[in-house]
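Everything below belongs to my_file-v2.csv, which stores CSV, C-alpha atoms.
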```
chain,number,residue,atom,x,y,z
M,1,MET,CA,0.0,0.0,0.0
M,2,PRO,CA,1.5,3.4,-1.0
M,3,LYS,CA,2.6,5.7,1.8
M,4,VAL,CA,0.3,8.6,2.3
M,5,VAL,CA,2.3,11.9,2.3
M,6,ASP,CA,1.1,15.0,4.0
M,7,HIS,CA,2.3,17.5,1.4
M,8,GLU,CA,1.6,20.6,3.4
M,9,GLN,CA,3.5,19.2,6.4
M,10,ARG,CA,6.5,18.3,4.1
M,11,ARG,CA,6.4,21.8,2.5
M,12,ARG,CA,6.5,23.3,6.0
M,13,GLY,CA,9.3,21.1,7.1
M,14,ILE,CA,11.4,22.2,4.1
M,15,ALA,CA,10.6,25.8,4.9
M,16,GLU,CA,11.8,25.3,8.4
M,17,VAL,CA,15.1,24.1,7.1
M,18,VAL,CA,15.2,27.2,4.8
M,19,LEU,CA,14.7,29.5,7.8
M,20,ARG,CA,17.4,27.8,9.9
M,21,ILE,CA,19.9,28.3,7.0
M,22,VAL,CA,18.9,31.9,6.5
M,23,ALA,CA,19.2,32.6,10.2
M,24,ALA,CA,22.7,31.2,10.2
M,25,ASP,CA,24.2,32.2,6.9
M,26,GLY,CA,21.8,34.6,5.1
M,27,VAL,CA,19.4,34.4,2.2
M,28,ALA,CA,22.0,33.7,-0.4
M,29,ALA,CA,23.0,30.5,1.4
M,30,ALA,CA,19.5,29.0,1.1
M,31,THR,CA,19.9,27.3,-2.3
M,32,LEU,CA,17.8,24.4,-3.4
M,33,ARG,CA,20.9,22.1,-3.3
M,34,ARG,CA,21.8,23.0,0.3
M,35,VAL,CA,18.2,22.8,1.5
M,36,ALA,CA,18.0,19.3,-0.1
M,37,ALA,CA,21.2,18.2,1.7
M,38,GLU,CA,20.2,19.6,5.1
M,39,SER,CA,16.5,18.4,4.9
M,40,GLY,CA,17.5,14.9,3.9
M,41,HIS,CA,15.3,15.1,0.8
M,42,ALA,CA,16.4,14.4,-2.8
M,43,MET,CA,16.8,17.4,-5.0
M,44,GLY,CA,13.8,16.3,-7.0
M,45,THR,CA,11.6,16.3,-3.9
M,46,ILE,CA,12.5,19.9,-3.1
M,47,GLN,CA,11.9,20.9,-6.7
M,48,HIS,CA,8.5,19.1,-6.6
M,49,TYR,CA,7.4,21.6,-3.9
M,50,PHE,CA,9.3,24.6,-5.0
M,51,HIS,CA,10.3,25.0,-8.6
M,52,THR,CA,12.6,27.9,-7.9
M,53,THR,CA,14.7,29.3,-5.0
M,54,ARG,CA,12.5,32.4,-5.2
M,55,GLN,CA,9.3,30.4,-4.5
M,56,MET,CA,11.0,28.6,-1.6
M,57,LEU,CA,12.2,31.8,0.0
M,58,GLN,CA,8.8,33.4,-0.4
M,59,TYR,CA,7.0,30.5,1.2
M,60,ALA,CA,9.4,30.3,4.1
M,61,ILE,CA,9.2,34.0,5.1
M,62,ALA,CA,5.4,34.0,4.7
M,63,LEU,CA,5.2,30.9,6.9
M,64,GLN,CA,7.3,32.6,9.6
M,65,GLU,CA,5.4,35.8,9.5
M,66,LYS,CA,2.0,33.9,9.7
M,67,GLU,CA,3.1,31.8,12.7
M,68,ARG,CA,4.6,34.8,14.5
M,69,ALA,CA,1.5,36.9,14.0
M,70,GLU,CA,-0.6,34.0,15.3
M,71,ARG,CA,1.6,33.7,18.4
M,72,ILE,CA,1.6,37.5,19.1
M,73,GLY,CA,-2.1,37.7,18.6
M,74,ALA,CA,-2.7,34.8,21.1
M,75,ARG,CA,-0.4,36.5,23.6
M,76,ALA,CA,-2.1,39.8,23.2
M,77,ARG,CA,-5.6,38.2,23.8
M,78,ALA,CA,-4.3,36.3,26.8
M,79,GLU,CA,-3.0,39.6,28.4
M,80,TRP,CA,-6.1,41.7,27.6
M,81,GLU,CA,-7.7,41.1,31.0
M,82,ASN,CA,-4.5,42.4,32.7
M,83,GLY,CA,-4.8,45.8,30.9
M,84,PRO,CA,-3.4,47.6,27.9
M,85,ARG,CA,0.2,47.9,29.2
M,86,ALA,CA,0.3,44.1,29.8
M,87,VAL,CA,-0.8,43.7,26.2
M,88,LEU,CA,2.0,45.8,24.9
M,89,GLU,CA,4.5,44.1,27.2
M,90,GLY,CA,3.2,40.8,25.8
M,91,ILE,CA,3.8,41.9,22.3
M,92,MET,CA,7.2,43.1,23.2
M,93,ASP,CA,8.1,39.8,24.8
M,94,GLU,CA,7.0,37.9,21.7
M,95,VAL,CA,9.0,40.1,19.3
M,96,LEU,CA,12.3,40.8,21.1
M,97,PRO,CA,14.8,37.9,20.6
M,98,THR,CA,15.2,36.9,24.3
M,99,GLY,CA,14.9,33.2,23.5
M,100,GLY,CA,12.8,30.5,21.8
M,101,PRO,CA,11.6,31.2,18.3
M,102,GLN,CA,12.2,34.9,18.6
M,103,ARG,CA,15.9,34.6,18.2
M,104,GLN,CA,15.7,32.8,14.9
M,105,GLU,CA,12.8,35.1,13.7
M,106,ALA,CA,14.9,38.2,14.3
M,107,ALA,CA,17.9,36.8,12.5
M,108,VAL,CA,15.7,35.7,9.6
M,109,GLY,CA,13.9,39.0,9.4
M,110,LEU,CA,17.2,40.9,9.3
M,111,ALA,CA,18.6,38.7,6.6
M,112,TYR,CA,15.5,39.2,4.5
M,113,TYR,CA,15.6,42.9,5.0
M,114,ILE,CA,19.1,43.0,3.7
M,115,ALA,CA,18.2,40.9,0.7
M,116,TRP,CA,14.9,42.3,-0.4
M,117,HIS,CA,16.3,45.0,-2.6
M,118,ARG,CA,17.9,42.3,-4.7
M,119,HIS,CA,14.7,40.2,-4.4
M,120,PRO,CA,11.9,42.7,-4.5
M,121,GLU,CA,9.3,39.8,-4.6
M,122,LEU,CA,10.1,39.3,-0.9
M,123,LYS,CA,8.9,42.7,0.0
M,124,GLU,CA,5.2,41.9,0.2
M,125,SER,CA,5.7,39.0,2.7
M,126,LEU,CA,8.0,41.2,4.8
M,127,PHE,CA,5.9,44.3,5.0
M,128,LYS,CA,2.2,43.4,4.3
M,129,ASP,CA,1.2,42.9,8.0
M,130,ILE,CA,2.8,46.1,9.3
M,131,PRO,CA,-0.1,48.5,8.8
M,132,ALA,CA,-2.5,46.1,10.6
M,133,ALA,CA,0.0,45.6,13.4
M,134,ARG,CA,0.4,49.3,14.0
M,135,ALA,CA,-3.3,49.8,13.9
M,136,ALA,CA,-3.8,47.1,16.6
M,137,ILE,CA,-1.1,48.7,18.8
M,138,ALA,CA,-2.8,52.1,18.3
M,139,SER,CA,-6.1,50.7,19.5
M,140,VAL,CA,-4.5,49.4,22.6
M,141,ILE,CA,-2.9,52.8,23.3
M,142,ALA,CA,-6.2,54.5,22.6
M,143,ASP,CA,-7.9,52.2,25.1
M,144,ALA,CA,-5.2,53.0,27.7
M,145,GLN,CA,-5.8,56.7,27.0
M,146,GLN,CA,-9.6,56.3,27.7
M,147,ARG,CA,-8.8,54.6,31.0
M,148,GLY,CA,-6.6,57.5,32.0
M,149,LEU,CA,-3.3,55.5,31.8
M,150,VAL,CA,-1.9,57.6,29.0
M,151,ASP,CA,-1.7,61.3,28.7
M,152,GLU,CA,-4.8,62.7,27.0
M,153,GLY,CA,-2.6,64.7,24.6
M,154,ALA,CA,-0.9,61.7,23.2
M,155,GLU,CA,-1.5,60.6,19.6
M,156,PRO,CA,-2.3,56.8,19.6
M,157,ASP,CA,-1.3,56.4,16.0
M,158,LEU,CA,2.0,58.1,16.4
M,159,GLU,CA,2.7,56.3,19.7
M,160,ALA,CA,2.0,53.0,17.9
M,161,SER,CA,4.4,53.9,15.2
M,162,VAL,CA,7.1,54.8,17.7
M,163,PHE,CA,6.5,51.6,19.7
M,164,PHE,CA,6.5,49.4,16.6
M,165,ALA,CA,9.7,51.0,15.2
M,166,LEU,CA,11.4,50.7,18.6
M,167,ILE,CA,10.8,47.0,19.2
M,168,ASP,CA,11.7,46.3,15.5
M,169,ALA,CA,15.0,48.2,15.8
M,170,LEU,CA,15.8,46.5,19.2
M,171,ALA,CA,15.1,43.1,17.7
M,172,SER,CA,17.6,43.8,14.9
M,173,ALA,CA,20.1,45.3,17.4
M,174,VAL,CA,20.0,42.0,19.4
M,175,ALA,CA,20.3,39.9,16.3
M,176,VAL,CA,23.5,41.6,15.2
M,177,GLY,CA,24.9,41.8,18.8
M,178,HIS,CA,24.7,45.5,19.3
M,179,GLN,CA,22.6,45.0,22.4
M,180,SER,CA,22.0,42.2,24.8
M,181,PRO,CA,18.4,40.8,25.1
M,182,GLU,CA,18.3,42.2,28.6
M,183,GLU,CA,19.3,45.7,27.4
M,184,ALA,CA,16.6,45.6,24.7
M,185,VAL,CA,13.9,44.6,27.2
M,186,ALA,CA,15.1,47.4,29.6
M,187,THR,CA,15.0,49.9,26.8
M,188,ALA,CA,11.5,48.9,25.7
M,189,ARG,CA,10.2,49.0,29.3
M,190,TYR,CA,11.7,52.4,29.8
M,191,HIS,CA,9.8,53.6,26.7
M,192,LEU,CA,6.5,52.2,28.1
M,193,ASP,CA,7.2,53.9,31.4
M,194,ARG,CA,7.2,57.2,29.5
M,195,VAL,CA,4.0,56.4,27.6
M,196,PHE,CA,2.1,55.2,30.6
M,197,THR,CA,2.7,58.3,32.7
M,198,THR,CA,-0.6,58.6,34.6
M,199,ARG,CA,-2.7,56.4,36.8
M,200,PRO,CA,-6.4,55.7,36.3
M,201,SER,CA,-8.6,58.2,38.0
M,202,THR,CA,-10.6,57.1,41.1
```

Show how you would write the structure in this file as structure tokens.
Amino acid sequence: MPKVVDHEQRRRGIAEVVLRIVAADGVAAATLRRVAAESGHAMGTIQHYFHTTRQMLQYAIALQEKERAERIGARARAEWENGPRAVLEGIMDEVLPTGGPQRQEAAVGLAYYIAWHRHPELKESLFKDIPAARAAIASVIADAQQRGLVDEGAEPDLEASVFFALIDALASAVAVGHQSPEEAVATARYHLDRVFTTRPST
């Protein structure tokens, strides 16, 4: 009886190998031949799922961004009952590369950022979720403002842009060794201390 192959699972497994290679050695290192060697699949198997390196790279980064967004969204929902600052701290914890999948995600993201000008087809997967992410953060800050936790003169959209840019930059700084994970967390928390300047009225 022929073996039943879960094609989506195999495709995801190949993509995970791609992401490990990119995190370690950059986008250019993730060739079809190397991925075949490190995944234990024949070259023909890799080409069955991805006809070109471009397709493989696009699928891999789209998979990472999807899984990361799902994890961040789940963390934000879990923290909601603890208040808006807890939500932002949860997002921060899921983005900054302090351990777990965040370390690889930061290294992969940086490698793709470096490479996308040579591979413009990667740009959509890298940047397409950013407007929605900023809007979600802005809604959290607006909620905090309504609760009296953020100064009434603050602009939630601008504060969201600053917060998003800060944690993105900190993640890259950790990925290249400019800051330690502990320094990045301390910097992000310092920023939140400045945003959440007031206490709720009684």

So that I can check the surroundings of M:Gln102, please list as a list of chain:residue names every protein, DNA and RNA residue that reaches within 12 Å of it, counting only C-alpha atoms and ignoring chain neighbours fewer than 6 positions away.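 Once the nearby chain positions are removed, what remains is M:Ala23, M:Gln64, M:Glu65, M:Glu67, M:Arg68, M:Ala69, M:Arg71, M:Ile72, M:Ile91, M:Met92, M:Asp93, M:Glu94, M:Val95, M:Leu96, M:Val108, M:Gly109, M:Asp168, M:Ala171, M:Ser172, M:Val174, M:Ala175, M:Pro181.
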
For a quick check of understanding, using all atoms listed in the file, which of M:Ala60, M:Val35, M:Leu126, M:Ala76 has the smallest distance to M:Ala15?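 The answer is M:Ala60, which sits nearest to M:Ala15.
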
Would you kindly return, as a short mmCIF file (atom, residue, chain, number, x, y, z; two decimals) with C-alpha atoms, in the frame of the given file, each protein, DNA or RNA residue with an atom no farther than 12 Å from any atom of M:Ala111, considering all atoms listed in the file and excluding same-chain residues fewer than 5 positions away?
```
data_model
loop_
_atom_site.label_atom_id
_atom_site.label_comp_id
_atom_site.auth_asym_id
_atom_site.auth_seq_id
_atom_site.Cartn_x
_atom_site.Cartn_y
_atom_site.Cartn_z
CA LEU M 19 14.70 29.50 7.80
CA ARG M 20 17.40 27.80 9.90
CA ILE M 21 19.90 28.30 7.00
CA VAL M 22 18.90 31.90 6.50
CA ALA M 23 19.20 32.60 10.20
CA ALA M 24 22.70 31.20 10.20
CA ASP M 25 24.20 32.20 6.90
CA GLY M 26 21.80 34.60 5.10
CA VAL M 27 19.40 34.40 2.20
CA ALA M 28 22.00 33.70 -0.40
CA ALA M 29 23.00 30.50 1.40
CA ALA M 30 19.50 29.00 1.10
CA LEU M 57 12.20 31.80 0.00
CA ILE M 61 9.20 34.00 5.10
CA GLN M 104 15.70 32.80 14.90
CA GLU M 105 12.80 35.10 13.70
CA ALA M 106 14.90 38.20 14.30
CA TRP M 116 14.90 42.30 -0.40
CA HIS M 117 16.30 45.00 -2.60
CA ARG M 118 17.90 42.30 -4.70
CA HIS M 119 14.70 40.20 -4.40
CA LEU M 122 10.10 39.30 -0.90
CA LEU M 126 8.00 41.20 4.80
CA SER M 172 17.60 43.80 14.90
CA ALA M 175 20.30 39.90 16.30
CA VAL M 176 23.50 41.60 15.20
#
```

Write out as a PyMOL selection string each polymer residue whose atoms come within 12 Å of M:Ala42, counting all atoms listed in the file; drop sequence neighbours fewer than 6 positions from it. chain M and resi 14+32-36+48-49

What gap, in Å, lies between atom CA of M:Arg147 and atom CA of M:Leu88?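 That distance, rounded to one decimal, is 15.2 Å.
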
So, counting all atoms listed in the file, which residue among M:Arg189, M:Tyr59, M:Arg194, M:Tyr112 is closest to M:Glu159?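 Of M:Arg189, M:Tyr59, M:Arg194, M:Tyr112, the one nearest M:Glu159 is M:Arg194, counting all atoms listed in the file.
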
Work out how far atom CA of M:Ala115 is from atom CA of M:Arg103, in Å to one decimal. 18.7 Å

I need the residue nearest M:His51 from this list: M:Thr31, M:Ser139, M:Ser125, M:Thr197. Use only C-alpha atoms for the distance.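 For M:His51, the nearest of the candidates is M:Thr31.
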
Within 12 Å of M:Tyr190 using all atoms listed in the file, minus same-chain residues under 4 positions, as a PyMOL selection string: chain M and resi 89+163+166-167+183-186+194-197

Shortest interatomic distance to M:Leu192 - which of M:Arg85, M:Lys123, M:His41, M:Arg77, counting only C-alpha atoms: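 Ranking M:Arg85, M:Lys123, M:His41, M:Arg77 by distance to M:Leu192, first place goes to M:Arg85.
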
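As for atom CA of M:Glu70 and atom CA of M:Pro97, they are spaced 16.7 Å apart.
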
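Using all atoms listed in the file, the smallest distance between any of M:Leu63, M:Pro84, M:His191, M:Pro131 and M:Gln145 comes from M:Pro84.
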
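Nearest to M:Ala160 of all the residues M:Ala136, M:Met43, M:Gly83, M:Tyr113 is M:Ala136, counting all atoms listed in the file.
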